[in-house]
Every structure is written in C-alpha cells, then in structure tokens.
>>> print(open('coords-v6.txt').read())   # compact mmCIF, C-alpha atoms
# COMPACT_ATOMS: atom_id res chain seq x y z
CA MET P 257 41.84 219.82 164.99
CA LYS P 258 40.68 216.42 163.84
CA HIS P 259 37.54 216.12 161.74
CA VAL P 260 34.76 214.13 163.38
CA PRO P 261 33.02 211.91 160.80
CA GLY P 262 29.28 212.24 160.41
CA TYR P 263 28.71 208.57 161.21
CA ILE P 264 30.47 209.03 164.57
CA GLN P 265 28.19 211.95 165.43
CA ALA P 266 25.22 209.74 164.47
CA LEU P 267 26.47 206.98 166.78
CA ILE P 268 26.91 209.47 169.63
CA GLN P 269 23.32 210.62 169.14
CA LYS P 270 22.16 206.98 169.26
CA SER P 271 24.18 206.54 172.46
CA LEU P 272 22.40 209.56 173.97
CA ASP P 273 18.93 208.24 173.15
CA GLY P 274 19.73 204.65 174.17
CA SER P 275 19.23 203.05 170.76
CA ILE P 276 22.87 202.13 170.10
CA THR P 277 23.64 198.44 169.48
CA LEU P 278 26.58 196.46 170.87
CA GLN P 279 28.44 196.48 167.56
CA GLU P 280 27.83 200.22 167.09
CA LYS P 281 29.11 200.84 170.61
CA VAL P 282 32.30 198.94 169.75
CA VAL P 283 32.83 201.19 166.70
CA LEU P 284 32.22 204.29 168.81
CA ASP P 285 34.51 203.12 171.60
CA GLU P 286 37.30 202.34 169.15
CA TRP P 287 37.02 205.89 167.77
CA PHE P 288 37.22 207.31 171.30
CA TYR P 289 40.65 205.69 171.70
CA THR P 290 42.01 208.25 169.22
CA PHE P 291 39.84 211.11 170.38
CA SER P 292 41.13 214.33 172.00
CA PRO P 293 38.98 216.20 174.56
CA GLU P 294 39.35 219.49 172.69
CA ASP P 295 37.45 217.97 169.78
CA THR P 296 34.23 218.47 171.76
CA THR P 297 34.03 221.93 170.17
CA LEU P 298 33.03 220.20 166.95
CA PHE P 299 29.76 219.06 168.49
CA SER P 300 26.62 220.82 169.65
CA GLU P 301 26.65 221.96 173.29
CA GLU P 302 24.56 218.94 174.35
CA MET P 303 26.76 216.51 172.44
CA GLY P 304 29.94 218.22 173.63
CA LYS P 305 29.04 217.68 177.28
CA ALA P 306 28.07 214.10 176.58
CA VAL P 307 31.30 213.42 174.70
CA SER P 308 33.43 214.95 177.46
CA GLU P 309 31.72 212.68 179.97
CA ARG P 310 32.08 209.72 177.59
CA VAL P 311 35.82 210.38 177.22
CA LYS P 312 36.21 210.33 180.99
CA ASN P 313 34.11 207.18 181.30
CA ARG P 314 35.96 205.55 178.40
CA LEU P 315 39.28 206.07 180.16
CA ASN P 316 37.84 204.57 183.33
CA ASP P 317 36.46 201.65 181.32
CA TYR P 318 39.82 201.18 179.63
CA ILE P 319 41.58 200.99 182.99
CA ALA P 320 38.95 198.67 184.45
CA TYR P 321 38.62 196.28 181.51
CA GLU P 322 42.28 196.07 180.65
CA ARG P 323 43.46 195.62 184.25
CA ILE P 324 43.95 191.89 184.65
CA VAL P 325 44.74 190.15 187.91
CA MET P 326 46.54 186.87 187.51
CA ARG P 327 46.24 184.07 190.05
CA TYR P 328 48.15 180.78 189.82
CA LYS P 329 47.78 177.40 191.48
CA ARG P 330 51.48 177.41 192.27
CA GLN P 331 51.60 180.99 193.53
CA SER P 332 49.28 183.51 195.06
CA MET P 333 50.30 186.64 193.23
CA LEU P 334 48.52 189.81 192.19
CA LEU P 335 49.46 191.71 189.07
CA LYS P 336 48.61 195.41 189.38
CA VAL P 337 48.22 197.36 186.19
CA ALA P 338 48.78 201.11 186.27
CA VAL P 339 47.72 203.35 183.39
CA MET P 340 49.05 206.88 182.93
CA ALA P 341 46.36 209.51 183.58
CA SER P 342 46.10 210.61 179.96
CA PHE P 343 45.32 209.11 176.54
CA ILE P 344 48.49 207.35 175.46
CA SER P 345 49.01 204.54 173.02
CA ALA P 346 48.94 200.94 174.19
CA SER P 347 52.58 200.48 173.21
CA SER P 348 53.69 203.14 175.70
CA LEU P 349 51.71 201.86 178.69
CA LEU P 350 53.88 201.02 181.69
CA PHE P 351 53.01 198.01 183.81
CA TYR P 352 54.23 197.70 187.37
CA PHE P 353 55.33 194.50 189.07
CA GLY P 354 55.99 194.99 192.77
CA GLY P 355 56.92 198.63 192.22
CA LYS P 356 59.27 197.91 189.31
CA GLU P 357 58.59 199.39 185.94
CA LYS P 358 58.47 197.10 182.91
CA LYS P 359 57.66 197.76 179.26
CA LEU P 360 54.87 195.88 177.55
CA PRO P 361 56.33 192.72 175.99
CA ALA P 362 55.66 191.84 172.39
CA VAL P 363 54.02 188.62 171.23
CA ALA P 364 56.44 186.66 169.07
CA ALA P 365 55.43 186.26 165.43
CA ALA P 366 56.79 183.95 162.76
CA GLY P 367 57.94 186.27 159.99
CA ALA P 368 55.59 188.98 158.77
CA VAL P 369 52.43 187.27 160.02
CA LYS P 370 49.38 189.50 160.13
CA ASP P 371 47.58 190.01 163.41
CA ILE P 372 44.25 188.23 163.95
CA SER P 373 41.13 190.36 164.20
CA PRO P 374 38.31 189.59 166.65
CA GLY P 375 35.04 188.04 165.60
CA GLY P 376 31.93 189.96 164.61
CA THR P 377 28.27 189.71 163.63
CA ARG P 378 28.26 186.66 161.36
CA ALA P 379 25.74 183.87 160.88
CA MET P 380 23.92 181.72 158.35
CA LEU P 381 20.13 181.25 158.36
CA THR P 382 18.63 178.02 157.03
CA LEU P 383 14.96 178.31 156.11
CA GLY P 384 12.30 175.59 156.21
CA ASP P 385 12.86 174.58 152.57
CA GLY P 386 16.60 174.10 153.14
CA SER P 387 17.68 177.32 151.40
CA THR P 388 20.33 179.39 153.18
CA ILE P 389 21.00 183.08 153.68
CA ILE P 390 24.36 184.54 154.77
CA LEU P 391 23.07 187.10 157.25
CA ASP P 392 26.18 189.26 157.55
CA SER P 393 26.19 189.99 153.80
CA SER P 394 22.43 190.06 153.14
CA SER P 395 20.53 193.31 152.66
CA ASN P 396 18.32 194.75 155.37
CA GLY P 397 14.58 194.26 155.10
CA GLN P 398 12.39 191.22 154.54
CA LEU P 399 14.39 188.07 153.84
CA GLY P 400 11.41 185.76 153.39
CA VAL P 401 8.11 184.48 154.71
CA GLN P 402 7.85 181.31 156.76
CA GLY P 403 4.23 180.28 157.13
CA ASN P 404 2.49 183.15 158.91
CA THR P 405 5.76 184.83 159.86
CA ARG P 406 7.89 187.45 158.13
CA VAL P 407 11.66 187.13 158.52
CA VAL P 408 13.15 190.63 158.67
CA LYS P 409 16.73 191.80 159.01
CA MET P 410 16.63 195.11 160.85
CA ASP P 411 18.90 198.10 160.17
CA ASN P 412 20.99 197.23 163.26
CA GLY P 413 21.59 193.68 161.97
CA LEU P 414 19.09 192.09 164.34
CA LEU P 415 17.02 189.25 162.87
CA HIS P 416 13.33 189.63 163.75
CA TYR P 417 10.52 187.08 163.28
CA GLN P 418 7.25 188.99 162.91
CA LYS P 419 3.89 187.22 162.89
CA GLN P 420 1.55 188.60 160.23
CA LYS P 421 -1.68 189.60 161.97
CA SER P 422 -3.84 189.26 158.88
CA ALA P 423 -2.43 185.92 157.82
CA ALA P 424 -4.66 182.87 157.64
CA ASP P 425 -4.07 180.13 160.20
CA ASN P 426 -1.37 177.70 159.17
CA SER P 427 -0.99 174.66 161.41
CA ALA P 428 2.24 173.45 159.80
CA ILE P 429 5.32 174.10 161.97
CA ILE P 430 8.27 175.38 159.94
CA TYR P 431 11.70 175.14 161.55
CA ASN P 432 14.54 177.56 160.90
CA THR P 433 18.15 177.35 162.07
CA ILE P 434 20.66 180.11 162.73
CA ALA P 435 24.29 178.97 162.93
CA THR P 436 27.31 181.10 163.80
CA PRO P 437 30.82 180.14 162.65
CA ARG P 438 33.98 180.46 164.67
CA GLY P 439 34.51 184.20 164.94
CA GLY P 440 30.78 184.98 164.73
CA GLN P 441 27.88 185.93 166.97
CA TYR P 442 24.28 186.89 166.26
CA GLN P 443 21.03 188.03 167.86
CA VAL P 444 17.46 187.05 166.96
CA VAL P 445 13.99 188.02 168.18
CA LEU P 446 11.69 185.00 168.00
CA ALA P 447 8.03 185.16 167.02
CA ASP P 448 6.91 185.33 170.68
CA GLY P 449 9.19 188.30 171.44
CA SER P 450 11.90 186.26 173.20
CA VAL P 451 15.45 187.38 172.39
CA VAL P 452 18.38 184.99 171.87
CA TRP P 453 22.07 185.88 171.60
CA LEU P 454 24.28 183.22 169.97
CA ASN P 455 27.98 183.00 170.75
CA ALA P 456 30.58 181.74 168.27
CA SER P 457 30.32 178.17 166.89
CA SER P 458 26.70 177.86 168.01
CA SER P 459 23.31 177.12 166.51
CA LEU P 460 19.65 177.70 167.33
CA LYS P 461 16.87 175.59 165.81
CA PHE P 462 13.42 177.08 166.34
CA PRO P 463 9.93 177.23 164.80
CA ALA P 464 9.15 180.33 162.78
CA GLU P 465 5.86 180.36 164.72
CA PHE P 466 5.34 178.51 168.00
CA SER P 467 2.54 176.02 168.58
CA ASP P 468 -0.40 176.82 170.85
CA SER P 469 0.84 174.65 173.72
CA LEU P 470 4.64 174.80 173.89
CA ARG P 471 7.53 177.01 172.83
CA GLU P 472 10.57 174.79 172.24
CA VAL P 473 13.96 175.52 170.70
CA GLU P 474 17.19 173.56 170.45
CA ILE P 475 20.75 174.86 170.76
CA THR P 476 24.34 173.79 170.34
CA GLY P 477 27.29 175.81 171.58
CA GLU P 478 26.38 178.80 173.75
CA ALA P 479 23.36 181.09 173.93
CA TYR P 480 21.89 183.72 176.22
CA PHE P 481 18.09 183.94 176.47
CA GLU P 482 15.65 186.64 177.54
CA ILE P 483 12.28 184.90 177.46
CA ALA P 484 8.97 186.69 176.92
CA ARG P 485 6.59 185.73 179.71
CA ASN P 486 3.59 183.60 178.77
CA ALA P 487 2.35 181.42 181.63
CA SER P 488 -0.06 179.52 179.38
CA LYS P 489 2.66 178.55 176.91
CA PRO P 490 5.86 177.23 178.60
CA PHE P 491 9.25 177.80 176.99
CA ARG P 492 11.69 174.90 176.78
CA VAL P 493 15.27 174.63 175.54
CA LYS P 494 16.68 171.30 174.39
CA VAL P 495 20.44 170.99 174.61
CA LYS P 496 21.99 167.57 173.97
CA ASP P 497 20.00 165.17 176.22
CA MET P 498 18.94 167.90 178.65
CA TYR P 499 15.81 170.05 178.79
CA VAL P 500 15.60 173.49 180.39
CA ASN P 501 12.02 174.42 181.27
CA VAL P 502 11.40 178.15 181.54
CA LEU P 503 8.80 180.67 182.68
CA GLY P 504 9.78 184.29 181.97
CA THR P 505 13.50 184.42 182.71
CA SER P 506 17.04 185.36 181.65
CA PHE P 507 19.69 182.68 181.53
CA ASN P 508 22.81 181.44 179.74
CA ILE P 509 23.58 177.94 178.47
CA MET P 510 27.11 176.89 177.52
CA ALA P 511 27.15 173.49 175.84
CA TYR P 512 30.18 173.19 173.57
CA ASP P 513 31.26 169.66 172.66
CA ASP P 514 34.85 170.37 173.68
CA GLU P 515 33.88 171.44 177.22
CA ALA P 516 33.60 168.95 180.09
CA THR P 517 30.18 170.14 181.31
CA VAL P 518 27.01 171.83 180.12
CA ASN P 519 26.68 174.99 182.24
CA THR P 520 23.29 176.63 182.78
CA THR P 521 23.43 179.96 184.65
CA LEU P 522 20.30 181.78 185.83
CA LEU P 523 20.07 185.57 186.08
CA LYS P 524 16.33 186.11 186.60
CA GLY P 525 13.23 183.97 187.06
CA SER P 526 13.32 180.21 187.60
CA LEU P 527 14.46 177.13 185.69
CA LYS P 528 13.79 173.44 185.97
CA ILE P 529 16.54 171.37 184.35
CA SER P 530 15.83 167.74 183.47
CA ASN P 531 17.97 164.91 182.18
CA ALA P 532 17.28 161.12 182.10
CA GLY P 533 14.73 161.23 184.90
CA ASN P 534 16.74 163.62 187.08
CA SER P 535 15.73 167.24 187.57
CA LYS P 536 17.01 170.30 189.37
CA LEU P 537 15.25 173.57 190.18
CA ILE P 538 17.55 176.59 190.23
CA HIS P 539 17.14 180.18 191.37
CA PRO P 540 18.77 183.48 190.29
CA GLY P 541 22.52 183.55 190.91
CA GLN P 542 22.82 179.76 190.69
CA GLN P 543 24.38 177.50 188.09
CA VAL P 544 23.93 173.84 187.22
CA LEU P 545 26.74 171.78 185.68
CA LEU P 546 25.83 168.61 183.78
CA ASN P 547 28.74 166.25 183.17
CA ASN P 548 29.06 163.61 180.46
CA LYS P 549 27.80 160.94 182.87
CA GLY P 550 24.48 162.72 183.25
CA SER P 551 25.09 163.95 186.81
CA PHE P 552 24.09 167.41 188.00
CA GLN P 553 26.20 169.68 190.19
CA LEU P 554 24.64 172.81 191.71
CA VAL P 555 26.81 175.93 192.11
CA PRO P 556 24.79 178.00 194.62
CA ASP P 557 26.82 181.22 194.28
CA ALA P 558 27.79 181.29 190.61
CA ASP P 559 29.92 183.82 188.73
CA VAL P 560 26.91 185.17 186.83
CA GLU P 561 28.74 188.14 185.32
CA GLY P 562 31.47 185.84 184.07
CA ALA P 563 28.96 183.48 182.48
CA VAL P 564 27.40 186.23 180.34
CA ALA P 565 30.54 188.34 179.81
CA TRP P 566 30.75 187.22 176.16
CA LYS P 567 27.36 188.84 175.44
CA ASN P 568 28.67 192.10 176.90
CA GLY P 569 31.84 192.14 174.79
CA LYS P 570 34.28 190.74 177.34
CA PHE P 571 36.29 187.68 178.24
CA SER P 572 35.95 187.03 181.97
CA PHE P 573 38.15 184.48 183.75
CA SER P 574 37.81 183.31 187.35
CA SER P 575 40.70 180.99 188.13
CA ALA P 576 40.32 179.61 184.61
CA ASP P 577 43.01 177.26 183.34
CA ILE P 578 44.98 178.20 180.24
CA LYS P 579 43.35 175.51 178.08
CA THR P 580 39.85 176.78 178.88
CA ILE P 581 40.94 180.32 178.03
CA MET P 582 42.51 179.26 174.75
CA ARG P 583 39.36 177.37 173.73
CA GLN P 584 37.42 180.63 174.07
CA ILE P 585 40.07 182.40 171.99
CA GLU P 586 39.91 179.68 169.33
CA ARG P 587 36.17 180.09 168.92
CA TRP P 588 36.08 183.89 168.89
CA TYR P 589 39.17 184.59 166.78
CA ASN P 590 38.67 181.61 164.43
CA VAL P 591 42.18 180.37 165.06
CA ASP P 592 43.73 177.03 166.00
CA VAL P 593 45.76 176.72 169.20
CA VAL P 594 48.74 174.39 169.63
CA PHE P 595 50.28 173.75 173.07
CA GLU P 596 54.03 173.31 173.40
CA ARG P 597 53.87 173.65 177.17
CA LYS P 598 52.66 170.81 179.39
CA ASP P 599 52.05 172.41 182.79
CA ASP P 600 48.97 174.40 183.71
CA LEU P 601 48.26 177.97 184.76
CA HIS P 602 45.15 179.66 186.13
CA PHE P 603 44.06 183.25 185.49
CA THR P 604 41.49 185.66 186.88
CA GLY P 605 40.50 188.89 185.17
CA GLU P 606 38.59 190.62 182.36
CA LEU P 607 39.64 191.58 178.84
CA SER P 608 37.85 193.09 175.85
CA ARG P 609 36.68 190.73 173.07
CA PHE P 610 37.06 193.53 170.53
CA VAL P 611 40.85 193.82 170.28
CA ASN P 612 43.26 192.04 167.97
CA VAL P 613 44.49 188.76 169.38
CA SER P 614 48.07 190.00 169.89
CA GLN P 615 46.82 192.70 172.27
CA LEU P 616 44.93 190.13 174.33
CA LEU P 617 47.86 187.70 174.41
CA ARG P 618 50.22 190.44 175.57
CA LYS P 619 48.16 190.82 178.73
CA LEU P 620 48.60 187.14 179.52
CA GLU P 621 52.33 187.36 178.77
CA LEU P 622 52.72 189.97 181.50
CA THR P 623 52.90 187.11 183.99
CA ASN P 624 56.20 185.97 182.43
CA GLU P 625 54.79 182.47 182.95
CA VAL P 626 53.40 181.94 179.46
CA HIS P 627 54.38 183.16 176.00
CA PHE P 628 52.84 182.90 172.56
CA ARG P 629 53.87 182.81 168.93
CA ILE P 630 51.39 183.74 166.21
CA GLU P 631 51.64 181.79 162.98
CA LYS P 632 49.31 181.79 160.00
CA GLY P 633 45.96 180.56 161.26
CA ARG P 634 47.19 179.41 164.65
CA ILE P 635 48.62 180.41 168.02
CA ILE P 636 51.46 178.46 169.65
CA VAL P 637 51.40 178.39 173.48
CA LEU P 638 55.04 178.38 174.57
CA PRO P 639 56.62 177.47 177.93
>>> encode(input="coords-v6.txt", output="structure tokens")
Amino acid sequence: MKHVPGYIQALIQKSLDGSITLQEKVVLDEWFYTFSPEDTTLFSEEMGKAVSERVKNRLNDYIAYERIVMRYKRQSMLLKVAVMASFISASSLLFYFGGKEKKLPAVAAAGAVKDISPGGTRAMLTLGDGSTIILDSSSNGQLGVQGNTRVVKMDNGLLHYQKQKSAADNSAIIYNTIATPRGGQYQVVLADGSVVWLNASSSLKFPAEFSDSLREVEITGEAYFEIARNASKPFRVKVKDMYVNVLGTSFNIMAYDDEATVNTTLLKGSLKISNAGNSKLIHPGQQVLLNNKGSFQLVPDADVEGAVAWKNGKFSFSSADIKTIMRQIERWYNVDVVFERKDDLHFTGELSRFVNVSQLLRKLELTNEVHFRIEKGRIIVLP
C-alpha cells in the first residue's frame, strides 16, 4: 500500500475546509492521478469518504477536461474520446474515431529533447523607488512598505496590499507594477480589497493606496478582475487607449499586442468602455471587441467561460484557429512556435493548462490534420 505524504493530507484538509488555492489544487489533482481507491484506509474516516468522492470526481473531471471535440472549417466532424472506466495511464488510453480503435499518437521530437513544463506562479514586483522583487523566489511575509500600505506575500503566494490603520496621512501616490513573464501568472489583492489575476506576459500598474476620488489601474496582456464595491470611488482600468469604467463587477480583459482585438468580457455588474470619444455600455454575458482602428464590436452572447478559462486552469477553444491556439501555448509554456504549414484549422474543446506541452499537443494531433515536432525552446507546426 502506497504511503500518503503528510503534505497531501494537509492539502486534502484544506480542500475540505475550502481554503485550498489553485496551485495547491493542481498539486493535489496531480497526486490523485497516481492514487488507488484502497489507499483511503490511510486517512481518517472523514477524510477517507472525502477522498473516495474526490477520486470519483477526479475521474469525471479527467474525462470531461481531456475530451476535446474538434471542428474544422473544411469539415463538420466530431471527435469522441472514450476513457476506460478505471485509472489507467495516459499512454494506454484508447481513442475512438467512428467506432475504430486507435492508439494515442506520439509527438515527434528532435533527438532527446526534454518535454516542456507548463507555467506557474511567477512574477516580478517593481516598487515605487524602482527596486524589484522576484515574487516566486521571495520569502513569505512583509516585503516592504509603500506609503501607508504594507506589501505582504501570504503563505499561499498571494500578494496583499494592506493599509496601515494607524499610519499618518500621506498624500503622495506611489505606483507599483507587477509583471508576469511568459510561463507565469500571479494574483494580487489591492489596497481597496479588489482582486486581480494576471495571465502570462502581462502587467498591472497600480497605486499602493488609491486616491480619495478614483481607483485607477493600468494593464497590458490579460487580467481578470473582481472589484470591491465602492459607489463613491469609481474603479477604472486603462488598457492601451481604452478606459473601462467599473462599479462593483467581475470581468476579464485580454489585450495582448499580438492579438487583433482587445476583448473585454463581463461576468457580473456593469461596464462602460470608452475610446476616443466612443463608448459602449455592456451587461453580464456580453463582450466588447476593440480593433486597431478604434471601432467597437458588441458580442451579445459571449463565451464567458472560455474568456476566463485561463484563470480556472484550462485552455478553452471555441472554433479557434490554430494560430490563436499556438499563441496561447507560446505565452503559457514560454516557447516559440514556428509554422511549416500554411493552411488553417479550427478547434473547439477544453484542455488542462497544467500538463506538459507534449500531452496537450497529442490531443490536437488526434485529428490527423496537424502534427508537431518539439525542438529545444520551440514547437514546429507541421502539415
């Protein structure tokens, strides 16, 4: 019987009481891949029941997340993925195409090239005096004081700006910046209690303490916001030449330089988006696209789950072309992509962001329409 490490039992307890973080959940889920149901005897009765249920749910999640349905412009074709009703290794999974059994194909590699791991919690903090802190390698606890605000790295890796109640008034506004590299993401609680998640290759510039009249931040790349409500102090996000005006809401902004549009997707509340004299009011479930000519396009029934899938540890594609997909892979896996094929493909489906890149690429190769070769530091997209 396999020994269950103490840190796994601690993570299970955190899962039971609801305090587990996304990264801790990934660690726990990875351990469940190699877990046997009989190992529940190693836990307390309460934990054993919870683990048994988690094993069942984890299998269901595995089937759901790893089942990918491919849709092409040239063809209307569904790929059905069947998983054996037991815990078996990924290499022995059988995939079915129109009733015919086919083994999982391998991604071609040039020589003994190592696989590419997914991204993780990585970021750099720049303080008001220009000094920098590498957050993923810094110790937990207070990292510094910015005006009236303490900057604290919590035990779960979360960066928290905490206003000091007894501090004297300080009218000077001190700006900080958090920047994630390719292959990084991070989460910060601002001084007003608003929470921001940063995707890979993104940055957030913000005051350590907001002014009395306006809460304003600036982003590049992609970020998801949950804004603390304060009707007397509006919240505003500046992204390129666009402003997003907020009152108590949850929304996602995707504004990478290599994407054709800036996409703002609203989950809760209301947003007013302004650019060069034009403005658009959007409601939950809607999305606004801003192109490089400054024109707005409203998507009334947006793919909200797809827009925030990255925050929830998934890639989500809805008729996405192969180049869009590979740009996401470039940013998250910190890898360069080279295209040797000229034609286009479109895909729909969901995949985990927390697997090695070869495992993700194998799912796309199941179409037999695209193939990949992994070289050092890059992925070649083959015909």
>>> atom_distance(input="coords-v6.txt", atom1="atom CA of Tyr431 of chain P", atom2="atom CA of Arg406 of chain P")
13.3 Å
>>> atom_distance(input="coords-v6.txt", atom1="atom CA of Thr476 of chain P", atom2="atom CA of Asp448 of chain P")
20.9 Å
>>> closest_residue(input="coords-v6.txt", among="P:Thr277, P:Thr580, P:Gln265, P:Asn455", to="Thr436 of chain P", atoms="all atoms listed in the file")
P:Asn455
>>> axis_aligned_box(input="coords-v6.txt", around="segment 466-482 of chain P", padding_each_side="6 Å", output="JSON")
{"center_x": 13.4, "center_y": 180.1, "center_z": 172.8, "size_x": 39.7, "size_y": 25.1, "size_z": 21.5}
>>> closest_residue(input="coords-v6.txt", among="P:Asn412, P:Gln420, P:Asn624, P:Gln584", to="Glu515 of chain P", atoms="all atoms listed in the file")
P:Gln584
>>> residues_around(input="coords-v6.txt", residues="Ala464 of chain P", least_positions_apart="2", cutoff="7 Å", atoms="all atoms listed in the file", output="list in words")
Gln402, Thr405, Tyr417, Ile430, Tyr431, Asn432, Ala447, Phe462 and Phe466 of chain P
>>> closest_residue(input="coords-v6.txt", among="P:Ser275, P:Ser458, P:Asn501, P:Gln553", to="Ser530 of chain P", atoms="all atoms listed in the file")
P:Asn501
>>> closest_residue(input="coords-v6.txt", among="P:Gly397, P:Gly384, P:Gly477, P:Gly403", to="Asn519 of chain P", atoms="all atoms listed in the file")
P:Gly477
>>> atom_distance(input="coords-v6.txt", atom1="atom CA of Leu415 of chain P", atom2="atom CA of Glu606 of chain P")
29.1 Å
>>> residues_around(input="coords-v6.txt", residues="His627 of chain P", least_positions_apart="4", cutoff="8 Å", atoms="all atoms listed in the file", output="PyMOL selection string")
chain P and resi 363+620-621+637-639
